[in-house]
file work.txt (compact mmCIF, C-alpha atoms and all ligand atoms)
# COMPACT_ATOMS: atom_id res chain seq x y z
CA MET A 1 145.77 -109.75 -115.57
CA PRO A 2 144.04 -110.34 -112.27
CA THR A 3 140.31 -110.64 -111.92
CA ALA A 4 138.11 -107.61 -112.16
CA THR A 5 137.54 -107.43 -108.44
CA THR A 6 141.24 -107.18 -107.66
CA GLN A 7 142.30 -105.04 -110.60
CA PRO A 8 143.31 -101.52 -109.54
CA GLN A 9 142.03 -98.78 -111.80
CA THR A 10 145.35 -97.12 -112.71
CA LEU A 11 148.91 -98.21 -113.38
CA SER A 12 150.33 -96.01 -110.62
CA GLY A 13 147.64 -97.30 -108.24
CA SER A 14 148.65 -100.90 -108.90
CA VAL A 15 152.37 -100.11 -108.59
CA ALA A 16 151.77 -98.38 -105.26
CA ARG A 17 150.24 -101.60 -103.91
CA CYS A 18 153.62 -103.36 -103.94
CA THR A 19 154.94 -103.55 -100.36
CA ARG A 20 158.34 -104.91 -101.53
CA CYS A 21 157.75 -107.98 -99.36
CA ASN A 22 159.71 -110.30 -101.68
CA ALA A 23 157.08 -113.07 -101.69
CA CYS A 24 156.94 -113.13 -105.50
CA VAL A 25 160.64 -113.34 -106.29
CA GLN A 26 161.09 -117.12 -106.20
CA SER A 27 158.03 -117.65 -108.40
CA CYS A 28 159.52 -115.72 -111.31
CA PRO A 29 161.19 -117.82 -114.01
CA SER A 30 163.27 -114.95 -115.31
CA TYR A 31 164.62 -114.27 -111.78
CA LEU A 32 165.41 -117.98 -111.31
CA LEU A 33 167.46 -117.90 -114.50
CA HIS A 34 169.29 -114.59 -113.89
CA LYS A 35 169.40 -114.46 -110.05
CA GLU A 36 169.38 -110.66 -110.13
CA GLU A 37 166.94 -108.35 -108.38
CA THR A 38 166.28 -106.29 -111.53
CA PHE A 39 164.99 -109.46 -113.21
CA SER A 40 162.54 -110.15 -110.37
CA PRO A 41 158.90 -109.00 -110.31
CA ARG A 42 159.74 -106.77 -107.34
CA GLY A 43 162.62 -105.23 -109.30
CA ARG A 44 160.34 -104.59 -112.28
CA VAL A 45 157.68 -102.95 -110.13
CA GLN A 46 160.34 -100.72 -108.54
CA ILE A 47 161.63 -99.67 -111.97
CA LEU A 48 158.06 -98.79 -112.95
CA ARG A 49 157.57 -96.88 -109.71
CA LEU A 50 160.74 -94.81 -110.37
CA LEU A 51 159.65 -94.15 -113.96
CA LEU A 52 156.17 -93.06 -112.87
CA ASP A 53 157.62 -90.82 -110.11
CA ARG A 54 160.00 -89.36 -112.74
CA LYS A 55 163.00 -90.35 -110.62
CA LEU A 56 164.20 -92.42 -113.56
CA LYS A 57 164.05 -91.24 -117.13
CA TYR A 58 163.42 -93.74 -119.88
CA THR A 59 165.42 -93.48 -123.08
CA PRO A 60 165.06 -95.97 -125.93
CA HIS A 61 168.67 -97.13 -125.60
CA GLN A 62 168.52 -97.98 -121.90
CA THR A 63 169.46 -101.59 -122.41
CA PRO A 64 169.13 -102.86 -118.78
CA ILE A 65 165.54 -101.57 -118.49
CA ASN A 66 164.65 -102.89 -121.93
CA GLN A 67 166.21 -106.25 -121.13
CA THR A 68 164.43 -106.76 -117.84
CA MET A 69 161.10 -105.79 -119.40
CA GLN A 70 161.72 -108.01 -122.43
CA ASP A 71 162.73 -110.95 -120.22
CA CYS A 72 159.38 -110.89 -118.43
CA ILE A 73 157.42 -113.68 -120.12
CA LEU A 74 154.11 -112.19 -118.92
CA CYS A 75 153.26 -115.44 -117.18
CA GLY A 76 151.57 -113.84 -114.17
CA ARG A 77 153.04 -116.29 -111.62
CA CYS A 78 154.22 -113.39 -109.47
CA THR A 79 150.61 -112.21 -109.14
CA LEU A 80 149.64 -115.67 -107.90
CA ALA A 81 152.33 -115.51 -105.22
CA CYS A 82 151.54 -111.94 -104.20
CA ALA A 83 149.14 -111.35 -101.29
CA GLY A 84 148.08 -108.02 -102.84
CA GLN A 85 147.79 -109.61 -106.34
CA VAL A 86 149.94 -106.87 -107.88
CA PRO A 87 149.42 -107.36 -111.66
CA VAL A 88 153.10 -107.24 -112.72
CA ALA A 89 152.55 -108.83 -116.15
CA HIS A 90 149.84 -106.29 -116.90
CA GLN A 91 152.14 -103.45 -115.80
CA VAL A 92 155.08 -104.73 -117.88
CA LEU A 93 152.82 -105.02 -120.92
CA ALA A 94 151.56 -101.45 -120.37
CA LEU A 95 155.15 -100.17 -120.16
CA LYS A 96 156.19 -102.08 -123.28
CA LYS A 97 153.32 -100.55 -125.21
CA ALA A 98 154.02 -97.05 -123.82
CA VAL A 99 157.68 -97.04 -124.87
CA SER A 100 157.14 -99.07 -128.05
CA LEU A 101 159.18 -102.06 -126.91
CA PRO A 102 158.15 -104.93 -129.18
CA VAL A 103 155.53 -107.07 -127.48
CA LEU A 104 155.58 -109.58 -130.33
CA PRO A 105 158.15 -110.36 -133.01
CA PHE A 106 157.38 -108.83 -136.40
CA PRO A 107 155.80 -111.82 -138.25
CA CYS A 108 153.55 -112.70 -135.30
CA LYS A 109 152.51 -109.09 -134.81
CA THR A 110 151.46 -108.94 -138.46
CA PHE A 111 149.43 -112.14 -138.08
CA LEU A 112 147.74 -110.88 -134.95
CA ALA A 113 146.96 -107.58 -136.67
CA TRP A 114 145.39 -109.44 -139.59
CA HIS A 115 143.38 -111.58 -137.20
CA ALA A 116 142.05 -108.49 -135.39
CA ARG A 117 141.53 -106.21 -138.39
CA HIS A 118 141.31 -108.34 -141.55
CA PRO A 119 140.00 -111.79 -140.60
CA ARG A 120 139.74 -112.88 -144.25
CA TRP A 121 143.44 -112.25 -144.90
CA PHE A 122 144.26 -114.04 -141.69
CA ASP A 123 142.15 -116.99 -142.74
CA PHE A 124 143.80 -117.11 -146.13
CA ALA A 125 147.33 -116.74 -144.67
CA VAL A 126 146.78 -119.56 -142.16
CA ARG A 127 145.50 -121.89 -144.87
CA PHE A 128 148.42 -120.96 -147.13
CA ILE A 129 150.98 -121.59 -144.36
CA GLN A 130 149.35 -124.89 -143.44
CA ARG A 131 149.65 -125.90 -147.10
CA LEU A 132 153.35 -124.96 -147.12
CA ARG A 133 153.85 -126.96 -143.91
CA ALA A 134 152.09 -129.97 -145.40
CA TRP A 135 154.47 -129.79 -148.37
CA HIS A 136 157.43 -129.65 -145.93
CA LEU A 137 158.53 -126.32 -147.38
CA PHE A 138 159.27 -124.97 -143.91
CA ALA A 139 162.02 -127.53 -143.45
CA VAL A 140 164.32 -125.15 -145.36
CA PHE A 141 164.32 -122.85 -142.30
CA GLY A 142 167.37 -123.97 -140.37
CA GLU A 143 168.44 -123.10 -136.84
CA ASN A 144 170.67 -120.18 -137.84
CA MET A 145 168.43 -118.48 -140.30
CA ILE A 146 167.44 -114.81 -140.56
CA PRO A 147 166.49 -113.72 -136.98
CA LEU A 148 163.21 -112.23 -138.20
CA LEU A 149 162.03 -115.63 -139.38
CA ARG A 150 163.18 -117.60 -136.32
CA PRO A 151 159.74 -117.37 -134.66
CA ILE A 152 158.20 -118.96 -137.76
CA ALA A 153 160.78 -121.77 -137.71
CA HIS A 154 160.05 -122.22 -133.99
CA LEU A 155 156.32 -122.38 -134.67
CA HIS A 156 156.84 -124.98 -137.34
CA ARG A 157 158.90 -127.13 -134.94
CA ILE A 158 156.40 -127.13 -132.10
CA LEU A 159 153.02 -127.21 -133.86
CA PRO A 160 151.27 -130.50 -134.59
CA ALA A 161 151.07 -131.68 -138.19
CA PRO A 162 148.70 -129.59 -140.36
CA LYS A 163 145.06 -130.63 -140.18
CA GLN A 164 141.74 -129.37 -141.52
CA ASN A 165 140.54 -126.26 -139.74
CA LEU A 166 137.46 -126.20 -137.55
CA ARG A 167 135.24 -124.65 -140.21
CA GLN A 168 136.10 -127.47 -142.64
CA LEU A 169 135.50 -130.12 -139.98
CA LEU A 170 132.23 -128.84 -138.54
CA PRO A 171 129.88 -129.94 -141.36
CA LYS A 172 130.63 -133.53 -140.38
CA THR A 173 129.44 -132.99 -136.81
CA ARG A 174 126.16 -132.31 -135.03
CA PHE A 175 127.43 -128.83 -134.16
CA HIS A 176 127.13 -127.65 -137.75
CA GLN A 177 123.70 -126.04 -137.27
CA ALA A 178 123.06 -123.39 -134.63
CA PRO A 179 120.54 -124.79 -132.09
CA LYS A 180 117.20 -122.99 -131.69
CA LYS A 181 117.41 -122.94 -127.92
CA PRO A 182 121.10 -122.93 -126.97
CA GLU A 183 122.04 -123.79 -123.41
CA ILE A 184 125.75 -122.95 -123.63
CA ILE A 185 127.86 -120.70 -125.85
CA PHE A 186 131.29 -122.12 -126.74
CA PHE A 187 134.04 -119.78 -127.91
CA PRO A 188 136.90 -121.93 -129.26
CA SER A 189 140.52 -120.84 -128.93
CA LEU A 190 142.47 -119.76 -132.02
CA GLU A 191 144.49 -122.96 -131.60
CA ALA A 192 141.30 -125.03 -131.83
CA ARG A 193 139.93 -122.98 -134.73
CA TYR A 194 142.99 -123.11 -136.94
CA ILE A 195 145.62 -125.60 -135.78
CA ASP A 196 144.04 -128.58 -134.05
CA PRO A 197 140.23 -128.64 -134.41
CA THR A 198 140.04 -131.91 -132.47
CA LEU A 199 140.65 -129.71 -129.43
CA ALA A 200 137.33 -127.98 -130.10
CA LEU A 201 135.50 -131.26 -130.78
CA THR A 202 136.88 -132.73 -127.56
CA ALA A 203 135.91 -129.61 -125.64
CA LEU A 204 132.40 -129.99 -127.08
CA ASP A 205 132.27 -133.55 -125.68
CA CYS A 206 132.45 -131.97 -122.22
CA PHE A 207 128.93 -130.54 -122.65
CA GLY A 208 127.26 -133.93 -123.15
CA ASN A 209 123.78 -133.58 -124.72
CA LYS A 210 123.42 -129.90 -124.02
CA GLU A 211 122.58 -127.65 -126.99
CA VAL A 212 125.77 -125.77 -127.73
CA LEU A 213 126.06 -122.64 -129.82
CA LEU A 214 129.53 -122.34 -131.34
CA TRP A 215 131.06 -118.95 -131.98
CA PRO A 216 134.16 -119.66 -134.06
CA GLU A 217 134.01 -116.38 -136.00
CA MET A 218 133.68 -113.98 -133.07
CA HIS A 219 136.45 -111.79 -131.64
CA SER A 220 137.05 -111.27 -127.94
CA GLY A 221 139.19 -108.16 -128.49
CA LEU A 222 142.31 -109.79 -127.00
CA ALA A 223 144.36 -109.51 -130.21
CA ALA A 224 143.51 -105.81 -130.51
CA TYR A 225 144.36 -105.38 -126.81
CA LEU A 226 147.82 -106.91 -127.32
CA LEU A 227 148.30 -104.69 -130.36
CA ASP A 228 147.31 -101.67 -128.26
CA ASP A 229 144.40 -100.78 -130.54
CA GLU A 230 142.02 -99.59 -127.83
CA LYS A 231 139.27 -98.46 -130.21
CA LEU A 232 139.07 -101.80 -132.03
CA CYS A 233 139.39 -103.72 -128.76
CA LEU A 234 136.38 -101.91 -127.26
CA GLN A 235 134.44 -102.26 -130.50
CA GLN A 236 134.94 -106.04 -130.58
CA ALA A 237 134.26 -106.42 -126.85
CA LYS A 238 130.98 -104.46 -127.19
CA ARG A 239 129.94 -106.61 -130.16
CA LEU A 240 130.58 -109.81 -128.23
CA LEU A 241 128.79 -108.56 -125.15
CA THR A 242 125.74 -107.43 -127.14
CA ALA A 243 125.56 -110.73 -129.05
CA TRP A 244 125.74 -112.67 -125.77
CA GLU A 245 122.96 -110.59 -124.23
CA LYS A 246 120.75 -111.01 -127.31
CA THR A 247 121.31 -114.77 -127.52
CA GLY A 248 120.63 -115.59 -123.89
CA GLY A 249 118.13 -112.87 -123.02
CA LYS A 250 117.13 -113.22 -119.38
CA LYS A 251 118.73 -116.66 -119.20
CA LYS A 252 122.32 -115.29 -119.18
CA LEU A 253 123.85 -118.33 -120.89
CA PRO A 254 127.18 -119.73 -119.67
CA PHE A 255 129.96 -118.57 -121.97
CA VAL A 256 132.74 -121.17 -122.15
CA THR A 257 136.15 -121.07 -123.80
CA ASP A 258 139.12 -123.44 -123.99
CA SER A 259 141.57 -120.55 -124.32
CA TRP A 260 143.27 -119.71 -121.04
CA GLU A 261 144.23 -116.24 -122.26
CA VAL A 262 140.77 -115.41 -123.64
CA PHE A 263 139.21 -116.66 -120.39
CA ALA A 264 141.42 -114.33 -118.32
CA PHE A 265 140.75 -111.47 -120.73
CA LEU A 266 136.96 -111.92 -120.64
CA LYS A 267 136.97 -112.11 -116.85
CA ASN A 268 138.62 -108.72 -117.00
CA TYR A 269 136.01 -107.08 -119.25
CA PRO A 270 134.67 -104.85 -116.44
CA PHE A 271 138.13 -103.28 -116.15
CA LEU A 272 138.21 -102.76 -119.91
CA PHE A 273 134.98 -100.75 -119.65
CA ALA A 274 136.03 -98.91 -116.48
CA ARG A 275 135.44 -95.53 -118.13
CA LEU A 276 131.98 -96.48 -119.49
CA PRO A 277 129.77 -97.12 -116.43
CA GLY A 278 126.75 -98.53 -118.36
CA TRP A 279 128.92 -101.03 -120.23
CA GLU A 280 130.94 -101.79 -117.12
CA LYS A 281 127.78 -102.99 -115.35
CA ARG A 282 126.86 -105.21 -118.30
CA ALA A 283 130.44 -106.50 -118.52
CA ARG A 284 130.36 -107.44 -114.83
CA ILE A 285 127.26 -109.60 -115.37
CA PHE A 286 128.89 -111.18 -118.43
CA ALA A 287 132.20 -111.85 -116.61
CA GLY A 288 130.23 -113.72 -113.94
CA ARG A 289 128.96 -116.17 -116.61
CA VAL A 290 132.36 -116.79 -118.26
CA HIS A 291 133.84 -120.26 -117.64
CA PHE A 292 137.06 -122.03 -118.49
CA ILE A 293 136.53 -125.46 -120.05
CA THR A 294 137.82 -127.26 -116.92
CA ASP A 295 134.51 -126.41 -115.21
CA PHE A 296 132.86 -128.92 -117.57
CA ILE A 297 135.40 -131.77 -117.62
CA LYS A 298 133.95 -134.81 -115.90
CA ALA A 299 135.91 -137.04 -113.54
CA LYS A 300 136.48 -140.55 -114.88
CA LYS A 301 138.56 -143.45 -113.64
CA SER A 302 142.06 -143.22 -112.17
CA TYR A 303 145.10 -143.67 -114.36
CA PRO A 304 148.29 -145.38 -113.20
CA GLN A 305 150.64 -142.68 -114.44
CA LYS A 306 152.46 -139.97 -112.56
CA THR A 307 150.79 -136.79 -113.73
CA ALA A 308 151.28 -133.09 -113.19
CA LEU A 309 149.63 -129.83 -114.17
CA ASP A 310 151.34 -126.94 -115.90
CA PHE A 311 149.41 -123.71 -115.63
CA SER A 312 151.57 -121.63 -117.94
CA GLY A 313 149.72 -118.97 -119.81
CA LEU A 314 149.84 -115.40 -120.87
CA LEU A 315 149.13 -112.44 -118.59
CA SER A 316 147.06 -113.77 -115.76
CA LEU A 317 146.23 -116.82 -113.78
CA PRO A 318 143.02 -116.67 -111.77
CA LYS A 319 143.79 -118.79 -108.70
CA GLU A 320 140.38 -120.40 -108.47
CA THR A 321 140.69 -121.84 -112.00
CA ILE A 322 144.07 -123.40 -111.27
CA PHE A 323 142.72 -124.92 -108.06
CA SER A 324 139.72 -126.37 -109.88
CA ALA A 325 141.98 -127.86 -112.62
CA GLN A 326 144.19 -129.36 -109.91
CA LYS A 327 141.13 -130.82 -108.21
CA ILE A 328 140.04 -132.46 -111.47
CA LEU A 329 143.48 -133.99 -111.99
CA LYS A 330 143.58 -135.23 -108.39
CA THR A 331 140.20 -136.88 -108.91
CA HIS A 332 141.46 -138.50 -112.11
CA PHE A 333 144.88 -139.56 -110.98
CA GLY A 334 144.57 -139.92 -107.20
CA LYS A 335 147.93 -140.51 -105.56
CA ASN A 336 149.62 -140.40 -108.95
CA PHE A 337 148.99 -136.70 -109.21
CA VAL A 338 152.24 -134.87 -108.51
CA GLU A 339 152.02 -131.33 -107.18
CA CYS A 340 153.79 -129.31 -109.79
CA GLU A 341 157.03 -128.23 -108.17
CA TYR A 342 158.55 -128.05 -111.63
CA SER A 343 156.30 -125.10 -112.30
CA ARG A 344 159.08 -123.00 -110.75
CA PHE A 345 160.18 -123.06 -114.38
CA PRO A 346 156.99 -122.71 -116.35
CA VAL A 347 156.69 -123.31 -120.03
CA PRO A 348 157.35 -119.93 -121.64
CA ALA A 349 154.23 -118.03 -122.54
CA GLU A 350 153.62 -117.51 -126.26
CA ILE A 351 155.23 -114.09 -126.35
CA ALA A 352 158.50 -115.21 -124.74
CA ALA A 353 158.61 -118.37 -126.78
CA LEU A 354 158.36 -116.42 -130.01
CA SER A 355 160.29 -113.26 -129.24
CA HIS A 356 163.20 -114.84 -127.32
CA VAL A 357 163.58 -118.31 -128.70
CA SER A 358 166.92 -119.03 -126.97
CA GLN A 359 165.74 -117.78 -123.55
CA ALA A 360 162.58 -119.82 -123.96
CA GLU A 361 164.63 -122.92 -124.74
CA LYS A 362 166.71 -122.46 -121.56
CA MET A 363 163.54 -122.13 -119.53
CA ILE A 364 161.85 -125.13 -121.03
CA LEU A 365 164.94 -127.26 -120.46
CA GLU A 366 164.65 -126.44 -116.74
CA SER A 367 161.02 -127.59 -116.83
CA VAL A 368 162.03 -130.83 -118.54
CA LYS A 369 164.73 -131.45 -115.89
CA GLN A 370 162.16 -131.02 -113.12
CA ILE A 371 159.72 -133.35 -114.87
CA ALA A 372 162.41 -136.00 -115.36
CA SER A 373 163.64 -135.75 -111.76
CA LYS A 374 160.10 -136.41 -110.49
CA GLN A 375 159.65 -139.18 -113.08
CA ILE A 376 156.42 -137.58 -114.22
CA LYS A 377 154.93 -139.37 -117.21
CA GLN A 378 152.40 -136.87 -118.40
CA VAL A 379 151.78 -133.20 -117.95
CA PHE A 380 148.43 -131.57 -118.59
CA CYS A 381 148.63 -127.96 -119.67
CA LEU A 382 145.88 -125.38 -119.42
CA SER A 383 146.92 -123.85 -122.72
CA ALA A 384 147.26 -125.71 -126.03
CA TRP A 385 150.26 -123.61 -126.89
CA ALA A 386 152.05 -124.55 -123.67
CA ALA A 387 151.28 -128.23 -124.35
CA TRP A 388 152.82 -128.11 -127.83
CA GLU A 389 155.86 -126.17 -126.64
CA LEU A 390 156.47 -128.57 -123.74
CA ASN A 391 155.74 -131.69 -125.73
CA TYR A 392 158.31 -130.74 -128.34
CA ALA A 393 160.97 -130.34 -125.63
CA LEU A 394 159.94 -133.56 -123.87
CA GLN A 395 160.11 -135.60 -127.06
CA LYS A 396 163.60 -134.24 -127.60
CA HIS A 397 165.02 -134.61 -124.08
CA TYR A 398 162.77 -136.96 -122.06
CA PRO A 399 160.70 -138.95 -124.55
CA CYS A 400 159.05 -141.24 -122.01
CA ALA A 401 156.85 -138.31 -120.94
CA GLN A 402 154.36 -136.27 -122.89
CA ALA A 403 152.40 -133.07 -122.55
CA LYS A 404 148.75 -132.65 -123.54
CA ASN A 405 146.11 -129.99 -123.37
CA ILE A 406 143.76 -130.54 -120.42
CA VAL A 407 140.68 -130.85 -122.66
CA TYR A 408 142.08 -134.21 -123.77
CA LEU A 409 141.11 -135.57 -120.34
CA GLN A 410 137.65 -135.69 -121.85
CA ALA A 411 138.77 -137.19 -125.15
CA LYS A 412 137.20 -140.16 -126.78
CA ASN A 413 139.95 -142.50 -127.96
CA ASP A 414 139.60 -141.56 -131.61
CA ARG A 415 140.16 -137.91 -130.88
CA ILE A 416 143.84 -138.08 -129.86
S1 LIG B 1 154.72 -107.65 -106.18
FE1 LIG B 1 153.58 -108.45 -104.42
S2 LIG B 1 154.77 -110.21 -103.67
FE2 LIG B 1 156.11 -109.01 -105.05
S3 LIG B 1 157.25 -107.65 -103.70
FE3 LIG B 1 155.44 -106.51 -104.40
S4 LIG B 1 153.86 -106.90 -102.83
FE4 LIG B 1 155.48 -108.43 -102.51
S1 LIG B 2 154.96 -112.10 -115.16
FE1 LIG B 2 156.24 -113.96 -114.94
S2 LIG B 2 158.21 -113.40 -115.81
FE2 LIG B 2 157.09 -111.48 -115.49
S3 LIG B 2 157.74 -110.76 -113.50
FE3 LIG B 2 155.91 -111.99 -113.14
S4 LIG B 2 156.64 -114.10 -112.73
FE4 LIG B 2 158.33 -112.91 -113.64
call {"tool": "encode", "arguments": {"input": "work.txt", "output": "structure tokens", "more": "lines below"}}
Ligand code: SF4
Ligand code: SF4
result
Amino acid sequence: MPTATTQPQTLSGSVARCTRCNACVQSCPSYLLHKEETFSPRGRVQILRLLLDRKLKYTPHQTPINQTMQDCILCGRCTLACAGQVPVAHQVLALKKAVSLPVLPFPCKTFLAWHARHPRWFDFAVRFIQRLRAWHLFAVFGENMIPLLRPIAHLHRILPAPKQNLRQLLPKTRFHQAPKKPEIIFFPSLEARYIDPTLALTALDCFGNKEVLLWPEMHSGLAAYLLDDEKLCLQQAKRLLTAWEKTGGKKKLPFVTDSWEVFAFLKNYPFLFARLPGWEKRARIFAGRVHFITDFIKAKKSYPQKTALDFSGLLSLPKETIFSAQKILKTHFGKNFVECEYSRFPVPAEIAALSHVSQAEKMILESVKQIASKQIKQVFCLSAWAAWELNYALQKHYPCAQAKNIVYLQAKNDRI
């Protein structure tokens, strides 16, 4: 999803912006694996153009169209390479929803639906699963198990060992009580809320002595957006926007998140409210105050290890945020910072990793090869998910390197 200023207002409008220049093709991991035009971003846009012009008719059993749409990992790298910032990932997602192609595998879709619609069930289910993981009951899921459960087995392999969740950990910290005069609002990622709360505590270190208001129970509307529940998505977005306005008043507090996907989604709020002019204006002001956590990471000393950045994520990659993360890493690691050529094969975004486990494994192996050939020792990822996914593959194939979430640049030693 590109930023609000570049986002065209309709699907056909955004498709028409493609000049077929070919600049995006080499940036697409699915094209690099298949080497076929239909698997390139340009190919996908052309298929969409033909469908919208009714020169091509979609039927549910059209396997080549389904396959090329399913093989798009929604990473948004094509949009980064495209001078016109054509939002291919956004278009592919819209098509998938329109023709009911699964965006997420069944168990993950159910979880996301619970998170968006029944947060208490979601909470309970996560705690129950963490308990099962702690008892090693997931080990019974082998490699060749029922396909429906493969995403769960994959999750179990890549996720860090079960820990307390953020709500259980907060009472032991100074962030337990809401400050009277907050200076920053922090919206932790789902990963930080439920899987590794040290991510949230480390992110909070970035704010120094500032009074931080934590919003771990709020919804951004992203889950509902992925589930194509427009009503709920708008409802949650309006609630968040109103709460932000009330909390900051005239001050317009900075709104910070450590979730790459939520950051991109919030930056796109004005587009979400395109049909509601009053809300759109408010959303534009809000989007201007939204920050990714890298804006608050402070430069420290240099480290003697070859380091790279992986900017894999879901849906969109605002260029300016990647450049600022690269700048931070260059400041930290000086000449040991390696420009990430391996990002030709990005870590699969969540959706690809869970819905096409074998394709994701092929892709990640290519990333590992590139990391090994450059003798990179550590990779910082902008998304916690990408860090876990990559770290699992590195430990398996190239154990002298490791992947971490970028917030750990700020970590105190006891946090990691
Ligand atoms: S999507 Fe952008 S970069 Fe790719 S062919 Fe179209 S205009 Fe060129
Ligand atoms: S979003 Fe990623 S996988 Fe999909 S077409 Fe663009 S570069 Fe390729």
call {"tool": "axis_aligned_box", "arguments": {"input": "work.txt", "around": "ligand LIG 2 (chain B)", "padding_each_side": "4 Å", "output": "lines of an AutoDock Vina configuration file"}}
result
center_x = 156.6
center_y = -112.4
center_z = -114.3
size_x = 11.4
size_y = 11.3
size_z = 11.1
call {"tool": "closest_atom_pairs", "arguments": {"input": "work.txt", "of": "chain A", "to": "ligand LIG 2 (chain B)", "cutoff": "7 Å", "atoms": "all atoms listed in the file", "output": "tab-separated table"}}
result
residue	atom	partner	partner_atom	distance
A:Ser27	CA	B:LIG2	S4	5.8
A:Cys28	CA	B:LIG2	S4	3.6
A:Pro29	CA	B:LIG2	S2	5.6
A:Ser30	CA	B:LIG2	S2	5.3
A:Tyr31	CA	B:LIG2	FE4	6.7
A:Ser40	CA	B:LIG2	S3	5.8
A:Pro41	CA	B:LIG2	S3	3.8
A:Arg44	CA	B:LIG2	S3	6.8
A:Asp71	CA	B:LIG2	S2	6.8
A:Cys72	CA	B:LIG2	FE2	3.8
A:Ile73	CA	B:LIG2	S2	4.4
A:Leu74	CA	B:LIG2	S1	3.9
A:Cys75	CA	B:LIG2	FE1	4.0
A:Gly76	CA	B:LIG2	S1	3.9
A:Arg77	CA	B:LIG2	S4	4.4
A:Cys78	CA	B:LIG2	S4	4.1
A:Thr79	CA	B:LIG2	FE3	6.6
A:Val88	CA	B:LIG2	FE3	5.5
A:Ala89	CA	B:LIG2	S1	4.2
A:Leu315	CA	B:LIG2	S1	6.8
call {"tool": "closest_atom_pairs", "arguments": {"input": "work.txt", "of": "chain A", "to": "ligand LIG 1 (chain B)", "cutoff": "10 Å", "atoms": "all atoms listed in the file", "output": "JSON lines"}}
result
{"residue": "A:Ser14", "atom": "CA", "partner": "B:LIG1", "partner_atom": "S1", "distance": 9.5}
{"residue": "A:Val15", "atom": "CA", "partner": "B:LIG1", "partner_atom": "FE3", "distance": 8.2}
{"residue": "A:Ala16", "atom": "CA", "partner": "B:LIG1", "partner_atom": "FE3", "distance": 9.0}
{"residue": "A:Arg17", "atom": "CA", "partner": "B:LIG1", "partner_atom": "S4", "distance": 6.5}
{"residue": "A:Cys18", "atom": "CA", "partner": "B:LIG1", "partner_atom": "FE3", "distance": 3.7}
{"residue": "A:Thr19", "atom": "CA", "partner": "B:LIG1", "partner_atom": "S4", "distance": 4.3}
{"residue": "A:Arg20", "atom": "CA", "partner": "B:LIG1", "partner_atom": "S3", "distance": 3.7}
{"residue": "A:Cys21", "atom": "CA", "partner": "B:LIG1", "partner_atom": "FE4", "distance": 3.9}
{"residue": "A:Asn22", "atom": "CA", "partner": "B:LIG1", "partner_atom": "S3", "distance": 4.1}
{"residue": "A:Ala23", "atom": "CA", "partner": "B:LIG1", "partner_atom": "S2", "distance": 4.2}
{"residue": "A:Cys24", "atom": "CA", "partner": "B:LIG1", "partner_atom": "S2", "distance": 4.1}
{"residue": "A:Val25", "atom": "CA", "partner": "B:LIG1", "partner_atom": "FE2", "distance": 6.4}
{"residue": "A:Gln26", "atom": "CA", "partner": "B:LIG1", "partner_atom": "FE2", "distance": 9.6}
{"residue": "A:Ser27", "atom": "CA", "partner": "B:LIG1", "partner_atom": "S2", "distance": 9.4}
{"residue": "A:Cys28", "atom": "CA", "partner": "B:LIG1", "partner_atom": "FE2", "distance": 9.8}
{"residue": "A:Ser40", "atom": "CA", "partner": "B:LIG1", "partner_atom": "FE2", "distance": 8.4}
{"residue": "A:Pro41", "atom": "CA", "partner": "B:LIG1", "partner_atom": "FE2", "distance": 6.0}
{"residue": "A:Arg42", "atom": "CA", "partner": "B:LIG1", "partner_atom": "S3", "distance": 4.5}
{"residue": "A:Gly43", "atom": "CA", "partner": "B:LIG1", "partner_atom": "S3", "distance": 8.1}
{"residue": "A:Arg44", "atom": "CA", "partner": "B:LIG1", "partner_atom": "S1", "distance": 8.8}
{"residue": "A:Val45", "atom": "CA", "partner": "B:LIG1", "partner_atom": "S1", "distance": 6.8}
{"residue": "A:Gln46", "atom": "CA", "partner": "B:LIG1", "partner_atom": "FE3", "distance": 8.6}
{"residue": "A:Cys78", "atom": "CA", "partner": "B:LIG1", "partner_atom": "FE2", "distance": 6.5}
{"residue": "A:Thr79", "atom": "CA", "partner": "B:LIG1", "partner_atom": "FE1", "distance": 6.7}
{"residue": "A:Leu80", "atom": "CA", "partner": "B:LIG1", "partner_atom": "S2", "distance": 8.6}
{"residue": "A:Ala81", "atom": "CA", "partner": "B:LIG1", "partner_atom": "S2", "distance": 6.0}
{"residue": "A:Cys82", "atom": "CA", "partner": "B:LIG1", "partner_atom": "S2", "distance": 3.7}
{"residue": "A:Ala83", "atom": "CA", "partner": "B:LIG1", "partner_atom": "FE1", "distance": 6.2}
{"residue": "A:Gly84", "atom": "CA", "partner": "B:LIG1", "partner_atom": "FE1", "distance": 5.7}
{"residue": "A:Gln85", "atom": "CA", "partner": "B:LIG1", "partner_atom": "FE1", "distance": 6.2}
{"residue": "A:Val86", "atom": "CA", "partner": "B:LIG1", "partner_atom": "S1", "distance": 5.1}
{"residue": "A:Pro87", "atom": "CA", "partner": "B:LIG1", "partner_atom": "S1", "distance": 7.6}
{"residue": "A:Val88", "atom": "CA", "partner": "B:LIG1", "partner_atom": "S1", "distance": 6.8}
call {"tool": "closest_residue", "arguments": {"input": "work.txt", "among": "A:Tyr269, A:Trp388, A:Tyr398, A:Phe39", "to": "Pro64 (chain A)", "atoms": "all atoms listed in the file"}}
result
A:Phe39
call {"tool": "residues_near_point", "arguments": {"input": "work.txt", "point": "(139.4, -102.0, -132.2)", "cutoff": "12 Å", "atoms": "only C-alpha atoms", "output": "MDAnalysis selection string"}}
result
chainID A and resid 113 115:118 219:239
call {"tool": "atom_distance", "arguments": {"input": "work.txt", "atom1": "CA of Ile376 (chain A)", "atom2": "CA of Glu389 (chain A)"}}
result
16.9 Å
